[in-house]
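> Input entry20.txt, format and content: compact mmCIF, C-alpha atoms.
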# COMPACT_ATOMS: atom_id res chain seq x y z
CA MET D 1 -21.01 -3.85 -39.60
CA ASP D 2 -22.86 -6.52 -37.63
CA ALA D 3 -24.43 -6.27 -34.17
CA TYR D 4 -21.46 -7.96 -32.48
CA GLN D 5 -18.96 -5.49 -33.93
CA GLN D 6 -21.25 -2.61 -33.00
CA LEU D 7 -21.34 -3.91 -29.44
CA ILE D 8 -17.54 -3.91 -29.26
CA ILE D 9 -17.43 -0.33 -30.51
CA GLU D 10 -20.03 0.78 -27.96
CA LEU D 11 -18.19 -0.91 -25.08
CA TYR D 12 -14.81 0.56 -25.91
CA ASN D 13 -16.14 3.99 -26.91
CA SER D 14 -17.59 4.24 -23.40
CA ARG D 15 -14.11 3.84 -21.86
CA THR D 16 -13.05 7.46 -22.21
CA VAL D 17 -10.08 7.20 -19.82
CA TYR D 18 -8.98 3.72 -20.81
CA ASP D 19 -5.34 3.93 -19.70
CA ARG D 20 -6.31 5.10 -16.20
CA GLU D 21 -9.04 2.44 -15.92
CA GLU D 22 -6.58 -0.31 -16.78
CA GLY D 23 -4.05 0.80 -14.18
CA THR D 24 -0.72 -0.95 -14.76
CA ARG D 25 -2.04 -4.22 -16.21
CA HIS D 26 -2.57 -3.45 -19.90
CA PRO D 27 0.40 -1.04 -20.21
CA LEU D 28 2.65 -3.70 -18.68
CA GLU D 29 1.33 -6.36 -21.05
CA ALA D 30 1.87 -4.01 -24.00
CA LYS D 31 5.44 -3.40 -22.84
CA LEU D 32 6.17 -7.12 -22.47
CA LEU D 33 4.67 -7.86 -25.88
CA LEU D 34 6.75 -5.15 -27.51
CA GLU D 35 9.90 -6.49 -25.85
CA SER D 36 9.19 -10.03 -27.09
CA VAL D 37 10.24 -9.05 -30.63
CA PRO D 38 13.66 -7.73 -31.73
CA ILE D 39 12.57 -4.39 -33.21
CA GLN D 40 15.09 -2.53 -35.36
CA LYS D 41 15.39 1.05 -36.55
CA GLY D 42 13.72 1.61 -39.89
CA GLN D 43 11.21 -1.24 -39.65
CA LYS D 44 7.56 -1.04 -40.65
CA ILE D 45 5.13 -2.25 -38.00
CA LEU D 46 1.39 -2.96 -37.94
CA ASP D 47 -0.46 -2.77 -34.63
CA VAL D 48 -3.86 -4.46 -34.97
CA ALA D 49 -6.64 -3.24 -32.66
CA THR D 50 -4.26 -0.54 -31.47
CA GLY D 51 -6.68 0.99 -28.94
CA THR D 52 -5.02 3.94 -27.22
CA GLY D 53 -1.68 3.14 -28.85
CA LEU D 54 -0.08 1.33 -25.93
CA VAL D 55 1.99 -0.75 -28.38
CA ALA D 56 2.01 1.49 -31.45
CA ILE D 57 3.43 4.60 -29.79
CA PRO D 58 6.50 3.01 -28.13
CA ALA D 59 6.98 0.96 -31.32
CA ALA D 60 7.13 4.20 -33.33
CA GLU D 61 9.77 5.50 -30.93
CA LYS D 62 11.79 2.30 -31.37
CA VAL D 63 11.79 2.24 -35.19
CA GLY D 64 12.76 5.90 -35.33
CA SER D 65 12.19 8.44 -38.07
CA GLU D 66 13.33 5.95 -40.74
CA GLY D 67 10.63 3.49 -39.68
CA TYR D 68 6.84 3.62 -39.72
CA VAL D 69 3.95 2.30 -37.63
CA ILE D 70 0.33 1.80 -38.66
CA GLY D 71 -2.26 1.31 -35.94
CA ILE D 72 -5.75 0.04 -36.82
CA ASP D 73 -8.83 0.18 -34.64
CA MET D 74 -12.56 0.39 -35.34
CA THR D 75 -13.36 2.34 -32.17
CA PRO D 76 -13.31 6.14 -32.63
CA GLY D 77 -13.08 6.78 -28.89
CA MET D 78 -9.95 4.66 -28.52
CA LEU D 79 -8.30 6.30 -31.52
CA HIS D 80 -9.09 9.76 -30.18
CA GLN D 81 -7.15 8.93 -27.01
CA ALA D 82 -4.29 7.49 -29.10
CA ARG D 83 -4.11 10.58 -31.31
CA GLU D 84 -3.86 12.85 -28.28
CA LYS D 85 -0.89 10.80 -27.07
CA VAL D 86 0.76 10.82 -30.51
CA GLU D 87 0.43 14.60 -30.67
CA ALA D 88 1.82 15.00 -27.16
CA ALA D 89 4.84 12.85 -28.14
CA SER D 90 5.32 14.82 -31.41
CA LEU D 91 5.59 11.60 -33.41
CA GLN D 92 5.56 11.90 -37.21
CA ASN D 93 6.12 8.25 -38.10
CA ILE D 94 2.80 6.77 -36.99
CA GLU D 95 -0.55 6.55 -38.80
CA LEU D 96 -3.79 5.65 -37.04
CA ILE D 97 -6.59 4.22 -39.19
CA GLU D 98 -10.21 3.74 -38.19
CA ALA D 99 -11.19 0.43 -39.80
CA ASP D 100 -12.33 -3.11 -39.15
CA ALA D 101 -9.07 -4.97 -38.60
CA GLU D 102 -10.55 -8.18 -39.96
CA SER D 103 -11.52 -6.59 -43.27
CA ILE D 104 -8.60 -4.28 -44.02
CA ASN D 105 -6.00 -5.38 -46.57
CA PHE D 106 -2.38 -4.56 -47.24
CA SER D 107 0.03 -5.68 -49.93
CA ASP D 108 2.00 -8.87 -49.43
CA SER D 109 5.26 -8.51 -47.46
CA SER D 110 4.38 -5.01 -46.19
CA PHE D 111 5.49 -5.30 -42.56
CA ASP D 112 8.42 -6.48 -40.46
CA VAL D 113 6.28 -7.03 -37.35
CA ILE D 114 2.56 -7.36 -36.61
CA PHE D 115 1.33 -6.89 -33.03
CA CYS D 116 -2.08 -7.51 -31.49
CA CYS D 117 -2.36 -6.88 -27.76
CA GLU D 118 -5.45 -8.00 -25.82
CA ALA D 119 -7.76 -8.14 -28.85
CA LEU D 120 -7.34 -11.25 -31.01
CA VAL D 121 -9.92 -13.17 -28.92
CA LEU D 122 -12.54 -10.63 -30.07
CA PHE D 123 -12.07 -11.49 -33.75
CA THR D 124 -14.82 -13.46 -35.45
CA ASP D 125 -12.46 -15.48 -37.69
CA ILE D 126 -9.10 -15.91 -35.97
CA PRO D 127 -7.62 -18.45 -38.45
CA ALA D 128 -8.40 -16.15 -41.40
CA SER D 129 -6.78 -13.18 -39.62
CA LEU D 130 -3.62 -15.15 -38.88
CA GLN D 131 -3.43 -16.22 -42.52
CA LYS D 132 -3.77 -12.59 -43.65
CA TRP D 133 -1.11 -11.48 -41.21
CA TYR D 134 1.22 -14.16 -42.58
CA ARG D 135 0.72 -12.70 -46.05
CA PHE D 136 1.22 -9.12 -44.82
CA LEU D 137 4.58 -9.99 -43.24
CA LYS D 138 7.94 -9.91 -44.97
CA PRO D 139 9.87 -13.21 -45.00
CA GLY D 140 11.42 -13.60 -41.55
CA GLY D 141 8.95 -11.13 -40.06
CA PHE D 142 7.34 -11.61 -36.65
CA VAL D 143 3.79 -11.80 -35.37
CA ALA D 144 3.20 -11.30 -31.64
CA PHE D 145 -0.04 -11.29 -29.68
CA THR D 146 -1.45 -11.87 -26.21
CA SER D 147 -4.34 -14.12 -25.23
CA PRO D 148 -5.87 -15.30 -21.94
CA PRO D 149 -6.32 -19.00 -21.12
CA GLU D 150 -9.80 -20.36 -21.68
CA THR D 151 -10.46 -20.45 -17.92
CA ALA D 152 -9.56 -16.78 -17.26
CA TYR D 153 -11.93 -13.92 -16.37
CA LEU D 154 -14.51 -16.24 -14.78
CA ALA D 155 -15.15 -17.89 -18.15
CA ASP D 156 -16.29 -21.14 -16.55
CA VAL D 157 -18.92 -19.26 -14.54
CA TYR D 158 -20.39 -17.72 -17.68
CA LYS D 159 -20.26 -21.00 -19.60
CA ASN D 160 -21.98 -22.97 -16.83
CA ILE D 161 -24.72 -20.38 -16.41
CA CYS D 162 -25.31 -20.21 -20.15
CA ALA D 163 -25.56 -23.99 -20.41
CA ARG D 164 -28.07 -24.18 -17.55
CA VAL D 165 -30.26 -21.34 -18.84
CA LEU D 166 -30.20 -22.25 -22.54
CA GLY D 167 -29.82 -26.00 -22.19
CA VAL D 168 -26.94 -25.93 -24.66
CA SER D 169 -23.23 -25.18 -24.41
CA LEU D 170 -22.13 -22.18 -26.48
CA PRO D 171 -18.52 -21.59 -27.56
CA HIS D 172 -16.91 -19.02 -25.24
CA ILE D 173 -14.83 -16.17 -26.63
CA LEU D 174 -11.64 -17.45 -24.93
CA GLU D 175 -11.81 -21.00 -26.28
CA PRO D 176 -10.19 -20.68 -29.76
CA LEU D 177 -6.87 -19.43 -28.33
CA GLY D 178 -7.38 -20.75 -24.82
CA THR D 179 -4.42 -23.15 -24.52
CA PRO D 180 -0.80 -23.00 -25.73
CA GLU D 181 -1.56 -26.00 -27.96
CA LYS D 182 -4.47 -24.18 -29.63
CA CYS D 183 -2.32 -21.09 -30.25
CA GLN D 184 0.45 -23.22 -31.70
CA ASN D 185 -1.88 -25.20 -33.95
CA LEU D 186 -3.54 -22.09 -35.39
CA LEU D 187 -0.18 -20.47 -36.10
CA GLN D 188 1.19 -23.61 -37.74
CA GLN D 189 -1.92 -23.87 -39.92
CA ALA D 190 -1.33 -20.29 -41.04
CA GLY D 191 2.25 -21.16 -42.01
CA PHE D 192 4.22 -19.70 -39.11
CA ARG D 193 7.36 -21.26 -37.62
CA ASP D 194 9.57 -20.84 -34.55
CA ILE D 195 6.53 -20.44 -32.32
CA GLN D 196 7.26 -19.32 -28.77
CA ILE D 197 4.61 -19.11 -26.05
CA LYS D 198 5.38 -17.62 -22.67
CA ILE D 199 2.83 -17.86 -19.86
CA GLU D 200 2.66 -14.89 -17.47
CA PRO D 201 0.48 -15.84 -14.46
CA SER D 202 -1.51 -13.04 -12.89
CA GLY D 203 -4.76 -12.47 -11.06
CA ARG D 204 -6.66 -10.13 -8.80
CA HIS D 205 -9.35 -10.08 -6.17
CA ARG D 206 -12.40 -8.13 -7.29
CA SER D 207 -15.47 -6.97 -5.49
CA PHE D 208 -18.59 -8.14 -7.29
CA SER D 209 -21.05 -6.82 -4.73
CA ASP D 210 -24.20 -5.52 -6.45
CA ASP D 211 -22.66 -6.47 -9.79
CA LYS D 212 -25.10 -7.31 -12.57
CA LEU D 213 -24.40 -9.66 -15.45
CA SER D 214 -25.30 -7.34 -18.31
CA TRP D 215 -26.70 -8.53 -21.60
CA LYS D 216 -23.74 -6.83 -23.31
CA LEU D 217 -21.26 -8.90 -21.31
CA ILE D 218 -23.16 -12.12 -22.05
CA ASN D 219 -23.21 -11.20 -25.73
CA LEU D 220 -19.51 -10.38 -25.79
CA SER D 221 -18.58 -13.57 -23.92
CA PHE D 222 -20.20 -15.69 -26.63
CA LYS D 223 -19.44 -13.46 -29.65
CA GLY D 224 -23.02 -12.50 -30.33
CA HIS D 225 -24.27 -16.05 -30.80
CA PRO D 226 -27.71 -16.00 -32.52
CA LEU D 227 -29.33 -17.86 -29.60
CA LEU D 228 -28.62 -14.90 -27.33
CA TYR D 229 -30.94 -12.69 -29.34
CA LYS D 230 -33.82 -15.05 -28.58
CA LEU D 231 -33.53 -14.79 -24.80
CA SER D 232 -36.84 -14.19 -23.06
CA PRO D 233 -37.14 -11.75 -20.12
CA GLU D 234 -37.47 -14.81 -17.87
CA GLN D 235 -34.21 -16.26 -19.17
CA ILE D 236 -32.39 -12.96 -18.70
CA GLU D 237 -33.68 -12.84 -15.13
CA ARG D 238 -32.49 -16.41 -14.56
CA PHE D 239 -29.03 -15.42 -15.81
CA GLN D 240 -28.92 -12.82 -13.04
CA VAL D 241 -30.08 -15.24 -10.36
CA GLU D 242 -27.57 -17.91 -11.41
CA TYR D 243 -24.79 -15.33 -11.64
CA SER D 244 -25.44 -13.94 -8.17
CA ALA D 245 -25.46 -17.44 -6.70
CA ALA D 246 -22.18 -18.35 -8.43
CA ILE D 247 -20.45 -15.15 -7.27
CA GLN D 248 -21.58 -15.69 -3.67
CA LYS D 249 -20.04 -19.17 -3.71
CA LEU D 250 -16.72 -17.80 -4.94
CA ALA D 251 -16.57 -14.75 -2.68
CA THR D 252 -14.10 -14.48 0.19
CA ASN D 253 -13.27 -11.61 2.55
CA GLN D 254 -10.90 -10.31 -0.14
CA GLY D 255 -13.45 -10.57 -2.93
CA VAL D 256 -13.67 -12.96 -5.89
CA TRP D 257 -10.43 -14.21 -7.37
CA GLU D 258 -10.22 -13.45 -11.11
CA ASP D 259 -7.50 -15.11 -13.16
CA THR D 260 -5.89 -12.60 -15.55
CA THR D 261 -3.08 -14.84 -16.80
CA LYS D 262 -1.84 -14.14 -20.33
CA PHE D 263 -0.11 -16.08 -23.05
CA PHE D 264 2.54 -14.04 -24.84
CA VAL D 265 2.79 -15.60 -28.27
CA ARG D 266 5.46 -14.95 -30.88
CA ALA D 267 6.05 -16.61 -34.24
CA GLN D 268 7.99 -16.00 -37.41
CA LYS D 269 7.20 -16.18 -41.11
Could you rewrite the structure in this file as structure tokens?

Amino acid sequence: MDAYQQLIIELYNSRTVYDREEGTRHPLEAKLLLESVPIQKGQKILDVATGTGLVAIPAAEKVGSEGYVIGIDMTPGMLHQAREKVEAASLQNIELIEADAESINFSDSSFDVIFCCEALVLFTDIPASLQKWYRFLKPGGFVAFTSPPETAYLADVYKNICARVLGVSLPHILEPLGTPEKCQNLLQQAGFRDIQIKIEPSGRHRSFSDDKLSWKLINLSFKGHPLLYKLSPEQIERFQVEYSAAIQKLATNQGVWEDTTKFFVRAQK
């Protein structure tokens, strides 16, 4: 497991009450993603990066006792929360596996549906994952995932600061899936058809007072790019100065507007 993957595990393990922290946003997105696919009783479903089971658990209820759901996540803390919810719901048709979703393998044509809510942008090789998912699906099966636009979550702020401090533009984590056209092209290259992309605009005002741009957030934003590990203390300090200045420019009486728009993407094998 590399340093980038370890960082992801550390960040999500620290979120011990994830569902409460997310409020209604992530549960609502999970619900909309689940509803984007015509799920039938008896189907077999894979939920990639299942987290606390926000997709996997209602999916297990939908497919019924004749169906089966597998949820994969590499974060023990997330899976612990999911298992508590599974036990509370007395579900017997769901299996939660601790594993790296990018490395795990299943037999060809194993699943009717593959979901990935909020997590595909974190993957190190998105095209390879989509190609694997295509192979895992039965003919006619569906893949469905969410992704933010490349300008969401103050991405431009981070990109501009990084370019000024390092003198070079690094690829941001949101860029590979950051437009409907990019999503469509990657799915077509993997072999998928009947691609549908629905844009759900959303946003929020956030207070960034006394907020620090942590090294972990910088690292996550640029997927652990090797240049980040060569930052000097002076460069890290300059990141903070640039970040504070950028936030002050964006701040209003309500706070800083953060775009949380999502693409809801569905395609068929």
> Rounded to one decimal in Å, what is the spacing between CA of Val143 (chain D) and CA of Glu21 (chain D)?
27.3 Å
> Just give me the residues with any atom within 10 Å of (-17.8, -3.3, -26.4), file coordinates, counting only C-alpha atoms, written as a ChimeraX atom specification.
/D:4-15,75,122,216-217,219-220
> How many Å separate CA of Leu228 (chain D) from CA of Asn160 (chain D)?
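One can read the CA of Leu228 (chain D) to CA of Asn160 (chain D) distance as 14.8 Å.
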> What's around region 168-182 of chain D at 9 Å? Count all atoms listed in the file, leave out sequence neighbours fewer than 3 positions away in its own chain, and write the answer as a ChimeraX atom specification.
/D:120-123,126,147-152,155-156,158-160,162-165,185-187,197-199,220-223,225,227,263,265
> Expressed in Å to a single decimal, how great is the separation between CA of Pro201 (chain D) and CA of Asp47 (chain D)?
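Atom-to-atom, CA of Pro201 (chain D) to CA of Asp47 (chain D), that is 24.1 Å.
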> Show me as a ChimeraX atom specification the residues that reach within 12 Å of (1.3, -8.2, -42.1), counting all atoms listed in the file and using the file's own coordinates.
/D:44-48,69-71,101,104-116,129-144,268-269
> Have a look at D:Gly167, D:Ala251, D:Ile57, D:Ala190 and name the one nearest to Gln235 (chain D); count only C-alpha atoms.
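Closest candidate: D:Gly167.
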> Which residues come within 10 Å of His80 (chain D), counting all atoms listed in the file, excluding same-chain residues fewer than 6 positions away, as a PDB file with C-alpha atoms, keeping the file's coordinate frame?

ATOM      1  CA  ASN D  13     -16.140   3.990 -26.910  1.00  0.00           C
ATOM      2  CA  THR D  16     -13.050   7.460 -22.210  1.00  0.00           C
ATOM      3  CA  GLY D  51      -6.680   0.990 -28.940  1.00  0.00           C
ATOM      4  CA  THR D  52      -5.020   3.940 -27.220  1.00  0.00           C
ATOM      5  CA  VAL D  86       0.760  10.820 -30.510  1.00  0.00           C
ATOM      6  CA  LEU D  96      -3.790   5.650 -37.040  1.00  0.00           C
TER       7      LEU D  96
END
> In terms of the shortest atom-to-atom distance over all atoms listed in the file, which of D:Gly203, D:Gly77, D:Gly42, D:Pro233 is closest to Leu154 (chain D)?
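The answer is D:Gly203, which sits nearest to Leu154 (chain D).
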> Return the single residue from D:Cys183, D:Ile97, D:Cys117, D:Ala49 that is closest to Leu32 (chain D), with distances computed using only C-alpha atoms.
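The closest residue to Leu32 (chain D) is D:Cys117.
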> Determine, counting only C-alpha atoms, which protein, DNA and RNA residues have an atom within 6 Å of an atom of Gly255 (chain D); residues of the same chain fewer than 2 positions away are not included. Present the result as a list in words.
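Using only C-alpha atoms, the neighbours found are His205, Arg206, Ser207, Ala251, Thr252 and Asn253 of chain D.
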> Using only C-alpha atoms, pick whichever of D:Ala3, D:Ala128, D:Ile218, D:Leu33 has the shortest atom-to-atom distance to Lys262 (chain D).
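Using only C-alpha atoms, the shortest distance to Lys262 (chain D) belongs to D:Leu33.
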> Tell me which protein, DNA and RNA residues are within 7 Å of Ile195 (chain D), counting only C-alpha atoms, leaving out same-chain ones fewer than 5 positions away, and put them as a PDB file with C-alpha atoms, in the coordinates of the input.

ATOM      1  CA  GLN D 184       0.450 -23.220 -31.700  1.00  0.00           C
ATOM      2  CA  ARG D 266       5.460 -14.950 -30.880  1.00  0.00           C
ATOM      3  CA  ALA D 267       6.050 -16.610 -34.240  1.00  0.00           C
ATOM      4  CA  GLN D 268       7.990 -16.000 -37.410  1.00  0.00           C
TER       5      GLN D 268
END
> When you count all atoms listed in the file, which of these residues is closest to His26 (chain D): D:Leu250, D:Ala88, D:Met74, D:Ala119?
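Using all atoms listed in the file, the shortest distance to His26 (chain D) belongs to D:Ala119.
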> Step by step, gather every atom of region 200-219 of chain D that the file lists, find the box along x, y and z that holds them, add 6 Å on each side, and finally give centre and edge lengths in Å to one decimal, as lines of an AutoDock Vina configuration file.

center_x = -12.0
center_y = -10.7
center_z = -15.2
size_x = 41.4
size_y = 22.3
size_z = 33.0
> Emit region 2-93 of chain D of the structure in the block as a file comprising C-alpha atoms, as a tab-separated table (two decimals), in the first residue's frame.

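Everything below was put into decode.tsv:
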chain	number	residue	atom	x	y	z
D	2	ASP	CA	1.50	3.33	-1.05
D	3	ALA	CA	1.60	6.60	0.90
D	4	TYR	CA	-1.38	8.05	-0.99
D	5	GLN	CA	-3.61	5.09	-0.15
D	6	GLN	CA	-2.45	5.21	3.46
D	7	LEU	CA	-3.41	8.88	3.58
D	8	ILE	CA	-6.92	8.08	2.38
D	9	ILE	CA	-7.28	5.40	5.05
D	10	GLU	CA	-6.08	7.78	7.77
D	11	LEU	CA	-8.46	10.54	6.68
D	12	TYR	CA	-11.53	8.33	6.56
D	13	ASN	CA	-10.63	6.30	9.66
D	14	SER	CA	-10.66	9.59	11.57
D	15	ARG	CA	-14.30	10.22	10.60
D	16	THR	CA	-15.86	8.06	13.30
D	17	VAL	CA	-19.38	9.50	12.92
D	18	TYR	CA	-19.32	9.89	9.16
D	19	ASP	CA	-23.08	9.84	8.51
D	20	ARG	CA	-23.71	12.60	11.07
D	21	GLU	CA	-20.80	14.68	9.75
D	22	GLU	CA	-22.18	14.52	6.22
D	23	GLY	CA	-25.65	15.65	7.25
D	24	THR	CA	-28.12	15.07	4.41
D	25	ARG	CA	-25.73	15.58	1.48
D	26	HIS	CA	-24.05	12.19	1.05
D	27	PRO	CA	-27.12	10.12	2.07
D	28	LEU	CA	-29.19	12.04	-0.48
D	29	GLU	CA	-26.60	11.48	-3.20
D	30	ALA	CA	-26.47	7.77	-2.34
D	31	LYS	CA	-30.27	7.61	-2.59
D	32	LEU	CA	-30.32	9.36	-5.96
D	33	LEU	CA	-27.56	7.12	-7.30
D	34	LEU	CA	-29.40	4.01	-6.18
D	35	GLU	CA	-32.60	5.23	-7.82
D	36	SER	CA	-30.79	5.88	-11.12
D	37	VAL	CA	-30.64	2.14	-11.84
D	38	PRO	CA	-33.62	-0.25	-12.19
D	39	ILE	CA	-32.75	-2.72	-9.42
D	40	GLN	CA	-34.63	-6.02	-9.37
D	41	LYS	CA	-35.17	-8.68	-6.74
D	42	GLY	CA	-32.54	-11.40	-6.86
D	43	GLN	CA	-29.79	-9.30	-8.44
D	44	LYS	CA	-26.14	-9.34	-7.40
D	45	ILE	CA	-24.66	-5.91	-6.73
D	46	LEU	CA	-21.15	-4.61	-6.09
D	47	ASP	CA	-20.71	-1.36	-4.16
D	48	VAL	CA	-17.16	-0.06	-4.64
D	49	ALA	CA	-15.73	2.10	-1.83
D	50	THR	CA	-18.86	1.35	0.16
D	51	GLY	CA	-17.90	3.48	3.17
D	52	THR	CA	-20.62	3.25	5.80
D	53	GLY	CA	-22.91	1.36	3.43
D	54	LEU	CA	-25.07	4.27	2.32
D	55	VAL	CA	-25.63	2.54	-1.04
D	56	ALA	CA	-24.97	-1.10	-0.14
D	57	ILE	CA	-27.49	-1.38	2.69
D	58	PRO	CA	-30.57	-0.03	0.84
D	59	ALA	CA	-29.43	-2.01	-2.22
D	60	ALA	CA	-29.48	-5.19	-0.12
D	61	GLU	CA	-33.01	-4.36	0.97
D	62	LYS	CA	-34.05	-3.84	-2.65
D	63	VAL	CA	-32.64	-7.12	-4.03
D	64	GLY	CA	-34.20	-9.08	-1.20
D	65	SER	CA	-33.18	-12.42	0.28
D	66	GLU	CA	-32.75	-13.92	-3.21
D	67	GLY	CA	-30.19	-11.25	-4.11
D	68	TYR	CA	-26.75	-10.39	-2.75
D	69	VAL	CA	-24.64	-7.28	-2.22
D	70	ILE	CA	-20.87	-7.04	-1.81
D	71	GLY	CA	-19.41	-3.82	-0.43
D	72	ILE	CA	-15.67	-3.15	-0.70
D	73	ASP	CA	-13.69	-0.55	1.21
D	74	MET	CA	-10.09	-0.31	2.39
D	75	THR	CA	-10.91	1.78	5.47
D	76	PRO	CA	-11.54	-0.29	8.62
D	77	GLY	CA	-13.25	2.61	10.40
D	78	MET	CA	-15.81	3.06	7.63
D	79	LEU	CA	-16.53	-0.66	7.48
D	80	HIS	CA	-17.00	-0.81	11.25
D	81	GLN	CA	-19.76	1.79	10.96
D	82	ALA	CA	-21.30	-0.10	8.03
D	83	ARG	CA	-21.28	-3.41	9.92
D	84	GLU	CA	-23.07	-1.84	12.88
D	85	LYS	CA	-25.80	-0.65	10.51
D	86	VAL	CA	-26.04	-4.05	8.78
D	87	GLU	CA	-26.44	-5.75	12.15
D	88	ALA	CA	-29.07	-3.25	13.26
D	89	ALA	CA	-31.02	-3.91	10.03
D	90	SER	CA	-30.66	-7.72	10.46
D	91	LEU	CA	-29.53	-8.11	6.85
D	92	GLN	CA	-28.17	-11.52	5.81
D	93	ASN	CA	-27.62	-10.83	2.11
